[in-house]
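Text of my_file-v5.cif (mmCIF, C-alpha atoms and all ligand atoms) as supplied:
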```cif
data_model
#
loop_
_atom_site.label_atom_id
_atom_site.label_comp_id
_atom_site.auth_asym_id
_atom_site.auth_seq_id
_atom_site.Cartn_x
_atom_site.Cartn_y
_atom_site.Cartn_z
CA MET A 1186 28.65 198.54 -89.66
CA LYS A 1187 31.37 197.85 -92.17
CA ALA A 1188 32.21 200.71 -94.53
CA MET A 1189 34.92 201.69 -96.99
CA LEU A 1190 36.02 205.12 -95.85
CA LEU A 1191 37.75 208.01 -97.61
CA GLN A 1192 39.85 209.69 -94.94
CA ALA A 1193 41.56 212.24 -97.17
CA GLN A 1194 41.59 212.94 -100.89
CA GLY A 1195 44.43 211.33 -102.79
CA GLN A 1196 44.36 208.22 -100.60
CA PRO A 1197 42.80 204.80 -101.15
CA LEU A 1198 39.70 203.88 -99.17
CA ARG A 1199 40.21 201.98 -95.96
CA GLN A 1200 38.01 199.41 -94.30
CA ALA A 1201 36.36 200.82 -91.21
CA GLU A 1202 33.86 199.81 -88.59
CA LEU A 1203 31.42 202.70 -88.07
CA PRO A 1204 28.39 203.09 -85.80
CA ARG A 1205 25.16 202.35 -87.64
CA PRO A 1206 23.59 205.77 -88.34
CA LYS A 1207 20.22 206.77 -86.86
CA PRO A 1208 17.64 208.25 -89.21
CA GLY A 1209 16.56 211.81 -88.40
CA ALA A 1210 13.18 213.34 -89.23
CA GLY A 1211 12.17 212.51 -92.80
CA GLU A 1212 15.08 210.13 -93.24
CA ILE A 1213 15.22 206.40 -93.79
CA LEU A 1214 17.98 203.98 -92.90
CA LEU A 1215 18.66 201.53 -95.70
CA LYS A 1216 20.30 198.16 -95.45
CA VAL A 1217 22.44 198.44 -98.54
CA HIS A 1218 22.28 195.53 -100.98
CA ALA A 1219 24.29 197.01 -103.83
CA CYS A 1220 26.06 200.26 -104.67
CA GLY A 1221 27.34 201.26 -108.07
CA VAL A 1222 30.86 202.55 -108.60
CA CYS A 1223 30.84 205.74 -110.68
CA ARG A 1224 33.53 207.84 -112.32
CA THR A 1225 32.45 210.69 -110.05
CA ASP A 1226 33.68 208.61 -107.10
CA LEU A 1227 37.13 208.69 -108.68
CA HIS A 1228 36.92 212.49 -109.04
CA VAL A 1229 36.01 212.79 -105.34
CA MET A 1230 38.88 210.50 -104.32
CA ASP A 1231 41.43 212.19 -106.56
CA GLY A 1232 40.55 215.72 -105.47
CA ASP A 1233 39.13 216.84 -108.84
CA LEU A 1234 35.97 217.63 -106.88
CA ARG A 1235 36.72 219.90 -103.96
CA GLN A 1236 35.59 219.99 -100.37
CA PRO A 1237 33.90 216.64 -99.82
CA LYS A 1238 32.60 215.75 -96.40
CA LEU A 1239 35.53 214.01 -94.68
CA PRO A 1240 35.83 211.32 -93.64
CA LEU A 1241 33.39 210.18 -96.28
CA VAL A 1242 31.56 207.07 -97.37
CA LEU A 1243 31.48 207.24 -101.18
CA GLY A 1244 28.75 205.84 -103.40
CA HIS A 1245 25.65 207.39 -104.96
CA GLU A 1246 23.97 204.51 -106.76
CA ILE A 1247 22.50 202.81 -103.71
CA VAL A 1248 20.00 199.98 -103.79
CA GLY A 1249 18.76 198.93 -100.37
CA VAL A 1250 15.75 198.07 -98.28
CA VAL A 1251 14.24 200.25 -95.58
CA ALA A 1252 15.55 199.03 -92.23
CA GLU A 1253 14.38 201.93 -90.07
CA GLN A 1254 12.21 205.02 -90.50
CA GLY A 1255 12.93 208.35 -88.86
CA ALA A 1256 10.14 210.54 -87.46
CA GLN A 1257 7.62 211.51 -90.16
CA ALA A 1258 9.21 209.17 -92.70
CA GLN A 1259 6.31 207.26 -94.18
CA ARG A 1260 6.80 207.31 -97.94
CA PHE A 1261 8.28 203.80 -98.03
CA ALA A 1262 7.36 200.77 -95.93
CA LEU A 1263 9.82 198.86 -93.79
CA GLY A 1264 11.51 196.26 -96.01
CA GLU A 1265 10.64 198.10 -99.22
CA ARG A 1266 13.39 198.35 -101.80
CA VAL A 1267 14.43 201.87 -102.81
CA GLY A 1268 17.16 203.60 -104.76
CA VAL A 1269 19.26 206.56 -103.63
CA PRO A 1270 20.77 208.77 -106.35
CA TRP A 1271 23.41 211.52 -106.38
CA LEU A 1272 20.98 214.36 -105.57
CA GLY A 1273 20.60 213.86 -101.83
CA ARG A 1274 18.72 216.99 -100.79
CA THR A 1275 17.97 220.51 -102.03
CA CYS A 1276 16.78 223.70 -100.34
CA GLY A 1277 13.34 223.49 -101.97
CA GLN A 1278 12.97 227.29 -101.98
CA CYS A 1279 15.49 228.96 -104.26
CA GLY A 1280 14.73 230.09 -107.80
CA TYR A 1281 16.18 226.89 -109.25
CA CYS A 1282 14.21 224.63 -106.93
CA ALA A 1283 11.04 226.63 -107.56
CA SER A 1284 11.39 226.36 -111.35
CA GLY A 1285 11.89 222.62 -111.78
CA ARG A 1286 15.68 222.94 -111.84
CA GLU A 1287 16.55 221.53 -108.45
CA ASN A 1288 19.65 219.98 -110.06
CA LEU A 1289 21.15 223.50 -110.03
CA CYS A 1290 20.30 224.37 -106.40
CA ASN A 1291 23.24 226.12 -104.73
CA ASP A 1292 22.50 224.47 -101.43
CA ALA A 1293 22.08 220.94 -102.75
CA LEU A 1294 23.72 218.09 -100.90
CA PHE A 1295 25.06 215.10 -102.78
CA THR A 1296 25.11 211.45 -101.81
CA GLY A 1297 28.63 210.08 -101.46
CA TYR A 1298 30.15 213.58 -101.67
CA THR A 1299 28.71 216.02 -99.16
CA LEU A 1300 26.58 213.29 -97.53
CA ASP A 1301 27.71 209.76 -96.69
CA GLY A 1302 26.89 207.27 -99.42
CA GLY A 1303 26.53 203.58 -100.01
CA TYR A 1304 29.96 201.95 -99.78
CA ALA A 1305 28.75 200.57 -96.45
CA GLU A 1306 26.34 198.08 -94.95
CA TYR A 1307 23.85 200.84 -94.09
CA ALA A 1308 23.11 204.27 -95.50
CA LEU A 1309 20.84 207.17 -94.57
CA ALA A 1310 18.72 209.03 -97.09
CA ASP A 1311 16.13 211.80 -97.16
CA GLU A 1312 13.11 209.83 -98.31
CA ARG A 1313 11.87 212.65 -100.57
CA TYR A 1314 14.89 212.20 -102.85
CA CYS A 1315 14.76 208.40 -103.01
CA LEU A 1316 13.42 206.62 -106.07
CA ALA A 1317 11.10 203.64 -106.29
CA LEU A 1318 12.76 200.87 -108.31
CA PRO A 1319 11.03 198.70 -110.92
CA ASP A 1320 10.88 195.00 -109.97
CA ALA A 1321 12.29 194.08 -113.37
CA TYR A 1322 15.80 194.78 -112.12
CA GLY A 1323 17.85 192.83 -109.61
CA ASP A 1324 19.77 194.75 -106.97
CA ALA A 1325 23.14 194.80 -108.75
CA GLU A 1326 21.56 195.63 -112.09
CA ALA A 1327 19.44 198.46 -110.68
CA ALA A 1328 22.42 200.21 -109.06
CA PRO A 1329 24.08 201.70 -112.18
CA LEU A 1330 20.71 202.88 -113.46
CA LEU A 1331 20.67 205.34 -110.54
CA CYS A 1332 23.44 207.53 -111.93
CA ALA A 1333 24.90 206.20 -115.15
CA GLY A 1334 21.35 205.57 -116.33
CA LEU A 1335 19.52 208.65 -115.27
CA ILE A 1336 22.23 211.27 -115.75
CA GLY A 1337 22.93 209.59 -119.08
CA TYR A 1338 19.26 209.96 -119.86
CA ARG A 1339 19.32 213.65 -118.98
CA ALA A 1340 22.24 214.01 -121.42
CA LEU A 1341 20.30 212.16 -124.12
CA VAL A 1342 17.33 214.49 -123.65
CA ALA A 1343 19.73 217.46 -123.95
CA ALA A 1344 20.88 216.08 -127.30
CA GLY A 1345 17.40 216.87 -128.61
CA ALA A 1346 15.90 215.07 -131.57
CA ALA A 1347 19.28 214.09 -133.05
CA LYS A 1348 18.87 211.10 -135.33
CA ARG A 1349 22.54 210.18 -135.45
CA ILE A 1350 24.14 210.42 -132.09
CA GLY A 1351 27.82 210.09 -131.23
CA ILE A 1352 28.73 208.74 -127.79
CA TYR A 1353 32.28 209.32 -126.59
CA GLY A 1354 33.46 206.98 -123.81
CA PHE A 1355 31.66 203.66 -123.80
CA GLY A 1356 31.39 202.88 -120.09
CA ALA A 1357 28.52 202.48 -117.65
CA ALA A 1358 26.40 205.42 -118.79
CA ALA A 1359 27.00 204.88 -122.52
CA HIS A 1360 26.09 201.21 -122.48
CA ILE A 1361 22.73 202.02 -120.89
CA ILE A 1362 21.94 205.13 -122.90
CA ALA A 1363 22.95 203.56 -126.22
CA GLN A 1364 20.17 201.02 -125.64
CA VAL A 1365 17.64 203.80 -125.02
CA ALA A 1366 18.78 205.68 -128.13
CA VAL A 1367 18.56 202.56 -130.32
CA TRP A 1368 15.10 201.79 -128.90
CA GLN A 1369 14.07 205.33 -129.83
CA GLY A 1370 15.09 204.62 -133.41
CA ARG A 1371 18.29 206.67 -133.41
CA GLU A 1372 21.60 205.58 -134.89
CA VAL A 1373 24.42 205.34 -132.36
CA PHE A 1374 28.05 205.96 -133.23
CA ALA A 1375 30.28 204.78 -130.37
CA PHE A 1376 33.72 206.27 -129.82
CA THR A 1377 36.09 204.49 -127.42
CA ARG A 1378 39.68 204.89 -126.27
CA PRO A 1379 41.88 204.31 -129.31
CA GLY A 1380 42.45 200.60 -129.83
CA ASP A 1381 39.76 199.42 -127.41
CA ALA A 1382 38.50 196.58 -129.60
CA ASP A 1383 36.53 194.99 -126.74
CA GLY A 1384 34.72 198.25 -126.01
CA GLN A 1385 33.91 198.66 -129.68
CA SER A 1386 32.50 195.17 -130.09
CA PHE A 1387 30.50 195.65 -126.87
CA ALA A 1388 28.99 198.81 -128.40
CA ARG A 1389 28.08 196.94 -131.59
CA GLU A 1390 26.47 194.14 -129.56
CA LEU A 1391 24.26 196.79 -127.96
CA GLY A 1392 23.11 198.04 -131.33
CA ALA A 1393 25.62 200.75 -132.26
CA ALA A 1394 25.61 201.36 -136.02
CA TRP A 1395 29.32 202.08 -135.91
CA ALA A 1396 32.08 201.87 -133.29
CA GLY A 1397 35.61 203.17 -133.55
CA ASP A 1398 38.45 205.09 -131.93
CA SER A 1399 37.71 208.51 -130.43
CA THR A 1400 40.31 209.94 -132.80
CA ALA A 1401 38.53 208.52 -135.86
CA ALA A 1402 35.91 210.18 -138.04
CA PRO A 1403 32.47 208.56 -138.03
CA PRO A 1404 31.23 207.29 -141.41
CA GLN A 1405 28.62 210.05 -141.49
CA GLU A 1406 28.18 213.42 -139.84
CA ILE A 1407 26.45 213.13 -136.45
CA ASP A 1408 23.55 215.31 -135.32
CA ALA A 1409 24.65 215.47 -131.70
CA ALA A 1410 27.35 214.08 -129.43
CA ILE A 1411 27.37 213.06 -125.79
CA LEU A 1412 30.73 213.02 -124.02
CA PHE A 1413 30.95 210.66 -121.09
CA ALA A 1414 34.76 210.56 -121.20
CA PRO A 1415 36.23 213.33 -119.00
CA VAL A 1416 38.58 214.46 -121.75
CA GLY A 1417 38.33 218.10 -122.82
CA ALA A 1418 40.17 217.49 -126.11
CA LEU A 1419 37.14 215.51 -127.26
CA VAL A 1420 34.97 218.65 -127.33
CA PRO A 1421 36.52 220.15 -130.48
CA GLN A 1422 36.86 216.66 -131.97
CA ALA A 1423 33.16 216.01 -131.50
CA LEU A 1424 32.24 219.49 -132.78
CA ARG A 1425 34.11 218.81 -136.01
CA HIS A 1426 31.90 215.77 -136.65
CA THR A 1427 28.63 217.41 -135.59
CA ALA A 1428 26.17 218.80 -138.12
CA ARG A 1429 24.94 222.40 -138.05
CA GLY A 1430 22.45 223.04 -135.30
CA GLY A 1431 23.75 220.07 -133.31
CA THR A 1432 24.69 219.96 -129.63
CA VAL A 1433 27.77 218.53 -127.98
CA VAL A 1434 26.68 217.50 -124.49
CA CYS A 1435 29.36 217.17 -121.80
CA ALA A 1436 27.78 214.74 -119.34
CA GLY A 1437 30.47 214.41 -116.69
CA ILE A 1438 30.94 216.42 -113.53
CA HIS A 1439 34.60 217.05 -114.27
CA MET A 1440 36.60 217.32 -117.47
CA SER A 1441 40.19 218.18 -118.33
CA ASN A 1442 40.66 221.58 -120.00
CA ILE A 1443 39.10 222.08 -123.39
CA PRO A 1444 41.77 223.14 -125.89
CA GLU A 1445 41.37 226.28 -127.97
CA PHE A 1446 39.45 225.73 -131.18
CA PRO A 1447 38.43 227.83 -134.19
CA TYR A 1448 35.04 229.51 -134.07
CA SER A 1449 34.21 227.96 -137.43
CA ILE A 1450 33.56 224.54 -135.85
CA LEU A 1451 31.05 226.07 -133.42
CA TRP A 1452 29.45 228.35 -135.99
CA GLY A 1453 26.39 227.04 -137.77
CA GLU A 1454 24.39 227.20 -134.53
CA ARG A 1455 26.17 224.30 -132.93
CA SER A 1456 26.21 224.40 -129.14
CA VAL A 1457 28.31 222.96 -126.38
CA ARG A 1458 26.58 222.41 -123.06
CA SER A 1459 27.02 220.52 -119.82
CA ILE A 1460 24.78 218.36 -117.71
CA ALA A 1461 24.76 218.97 -113.98
CA ASN A 1462 23.28 216.49 -111.53
CA LEU A 1463 19.69 215.34 -111.88
CA THR A 1464 16.19 216.18 -110.81
CA ARG A 1465 13.80 213.72 -109.21
CA ARG A 1466 11.68 214.07 -112.32
CA ASP A 1467 14.63 212.80 -114.43
CA GLY A 1468 14.75 209.72 -112.24
CA GLU A 1469 11.06 208.98 -112.64
CA ALA A 1470 11.16 209.59 -116.41
CA PHE A 1471 14.21 207.42 -116.86
CA PHE A 1472 12.87 204.42 -114.92
CA GLU A 1473 9.67 204.61 -116.91
CA ILE A 1474 11.51 204.51 -120.22
CA ALA A 1475 14.07 201.92 -119.01
CA THR A 1476 11.27 199.49 -118.21
CA LYS A 1477 9.43 200.14 -121.48
CA ALA A 1478 12.57 199.82 -123.57
CA GLY A 1479 13.71 196.70 -121.69
CA ILE A 1480 17.10 198.23 -120.88
CA ARG A 1481 19.55 195.76 -119.36
CA ALA A 1482 22.59 196.83 -117.39
CA GLU A 1483 25.71 194.72 -117.68
CA VAL A 1484 27.49 194.67 -114.34
CA GLU A 1485 30.72 193.42 -112.91
CA THR A 1486 30.30 192.85 -109.18
CA PHE A 1487 32.81 193.19 -106.37
CA PRO A 1488 32.51 192.62 -102.63
CA LEU A 1489 32.44 195.80 -100.52
CA ALA A 1490 35.98 195.17 -99.28
CA ALA A 1491 37.24 195.21 -102.89
CA ALA A 1492 36.05 198.79 -103.50
CA ASN A 1493 39.59 200.03 -104.22
CA GLU A 1494 40.07 197.32 -106.83
CA ALA A 1495 36.74 198.20 -108.47
CA LEU A 1496 37.74 201.89 -108.60
CA HIS A 1497 41.12 201.03 -110.01
CA ARG A 1498 39.62 198.88 -112.74
CA LEU A 1499 37.18 201.66 -113.59
CA SER A 1500 39.95 204.27 -113.82
CA SER A 1501 41.97 202.07 -116.16
CA GLY A 1502 38.97 201.38 -118.39
CA ARG A 1503 38.81 197.67 -117.64
CA VAL A 1504 35.14 197.39 -116.62
CA ARG A 1505 32.64 196.04 -119.14
CA GLY A 1506 29.40 197.90 -118.43
CA ALA A 1507 29.22 199.04 -114.81
CA ALA A 1508 31.09 198.10 -111.63
CA VAL A 1509 28.87 197.40 -108.61
CA LEU A 1510 29.70 196.64 -104.99
CA ILE A 1511 27.63 193.92 -103.41
CA MET A 1512 27.02 193.81 -99.67
CA ASP A 1513 25.47 190.94 -97.86
CA GLU A 1514 25.99 187.23 -98.48
CA PRO A 1515 28.72 186.46 -101.00
CA GLY A 1516 27.15 186.35 -104.45
CA GLY A 1517 23.68 186.40 -102.97
CA ALA A 1518 22.40 189.91 -103.49
CA GLU A 1519 21.16 189.43 -107.03
CA LYS A 1520 17.45 188.66 -106.98
ZN ZN B 1601 17.36 225.28 -103.99
ZN ZN B 1602 27.60 208.96 -110.74
#
```
How would this structure read if it were set down as structure tokens?
Amino acid sequence: MKAMLLQAQGQPLRQAELPRPKPGAGEILLKVHACGVCRTDLHVMDGDLRQPKLPLVLGHEIVGVVAEQGAQAQRFALGERVGVPWLGRTCGQCGYCASGRENLCNDALFTGYTLDGGYAEYALADERYCLALPDAYGDAEAAPLLCAGLIGYRALVAAGAAKRIGIYGFGAAAHIIAQVAVWQGREVFAFTRPGDADGQSFARELGAAWAGDSTAAPPQEIDAAILFAPVGALVPQALRHTARGGTVVCAGIHMSNIPEFPYSILWGERSVRSIANLTRRDGEAFFEIATKAGIRAEVETFPLAAANEALHRLSSGRVRGAAVLIMDEPGGAEK
């Protein structure tokens, strides 16, 4: 099978021909139709995230159909379409797993990081961690929902009942989660890279009440903030605009250092917290709400062989919505 392979961190991916993997017990082999390109993939490539499996097939927003079932794999039928998210497998027994917090399991394995992912024609997955996908979404459109959507949703839940919500970094996750927040009747304040007029008008099109530079002050105090941009300096900035009792949620897996800030901007029972990974329950909850709220994902598609270009565009902030790799017939994977 064709795959885009990470041989060592700090290097671009290279095209490779790999043997098609065989599903083990409880695993399914998927013929990949689409795979989203996520900022986390950049962190794995760059070395911000340590000790990946190497060589590695990146990609943890996989949409594919079941091509082969391993022994005891019977949850999905042959030919059925399923999604594979970042959380690839957990131990199932530790205190975290036993208390509904499998996202924190110390022995978790992650798709496209410690397990091979979906930048390939075929991918393996443990069927227990796969997600059923609503028919309302085509393959390319469903892909970014599998990480940007559902980890974004976990971050939104962590923001609590905030009525006015600030979103820093208006990329794949923000454009999906802003729609959920607006549907829930919240007001969204979108903060982009300074001067990103396109990003700001995109946010307004999706219902943001206000959009401006990340360095700017919103027109009103916000009740909570979600940071999708991996920029630590935004934490004190967001805190300064957040009302008492509000939470600043850091949604990314990696962030540059957070600069020192005065206690006074945290005082007033504000909190700063992070979001780590996802649970299967998050996935189910998110797809239920996405369908109800009629969330649409805006995607820019690239052929598998153009994975490096897609990653480069993402890192320079030039993707509107989400970048998605399409396998299969040229232009033919969208339903
Ligand atoms: Zn565990
Ligand atoms: Zn991701």
Env. residues ligand ZN 1602 (chain B) / 8 Å / all atoms listed in the file / as a ChimeraX atom specification:
/A:1222-1226,1245-1246,1271,1331-1333,1336
Once you have the residues from the selection above, write them out as a PDB file, in the frame of the given file, restricted to C-alpha atoms.
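Printed below is again.pdb as written:
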```
ATOM      1  CA  VAL A1222      30.860 202.550-108.600  1.00  0.00           C
ATOM      2  CA  CYS A1223      30.840 205.740-110.680  1.00  0.00           C
ATOM      3  CA  ARG A1224      33.530 207.840-112.320  1.00  0.00           C
ATOM      4  CA  THR A1225      32.450 210.690-110.050  1.00  0.00           C
ATOM      5  CA  ASP A1226      33.680 208.610-107.100  1.00  0.00           C
ATOM      6  CA  HIS A1245      25.650 207.390-104.960  1.00  0.00           C
ATOM      7  CA  GLU A1246      23.970 204.510-106.760  1.00  0.00           C
ATOM      8  CA  TRP A1271      23.410 211.520-106.380  1.00  0.00           C
ATOM      9  CA  LEU A1331      20.670 205.340-110.540  1.00  0.00           C
ATOM     10  CA  CYS A1332      23.440 207.530-111.930  1.00  0.00           C
ATOM     11  CA  ALA A1333      24.900 206.200-115.150  1.00  0.00           C
ATOM     12  CA  ILE A1336      22.230 211.270-115.750  1.00  0.00           C
TER      13      ILE A1336
END
```
Residues within 7 Å of ligand ZN 1601 (chain B), counting all atoms listed in the file, as a PyMOL selection string
chain A and resi 1275-1282+1287+1290-1293
For A:Arg1465, find every residue with an atom within 10 Å (counting all atoms listed in the file), except residues of its own chain fewer than 5 positions away, and show them as a count of residues only.
13
Which residues are close to A:Gly1453, i.e. within 8 Å by all atoms listed in the file, leaving aside same-chain residues fewer than 4 positions away? Reply as a VMD selection string.
chain A and resid 1429 to 1430 1449
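Among A:Val1250, A:Ala1305, A:Gly1221, A:Ala1359, the residue with the shortest atom-to-atom distance to A:Lys1187, counting only C-alpha atoms, is A:Ala1305.
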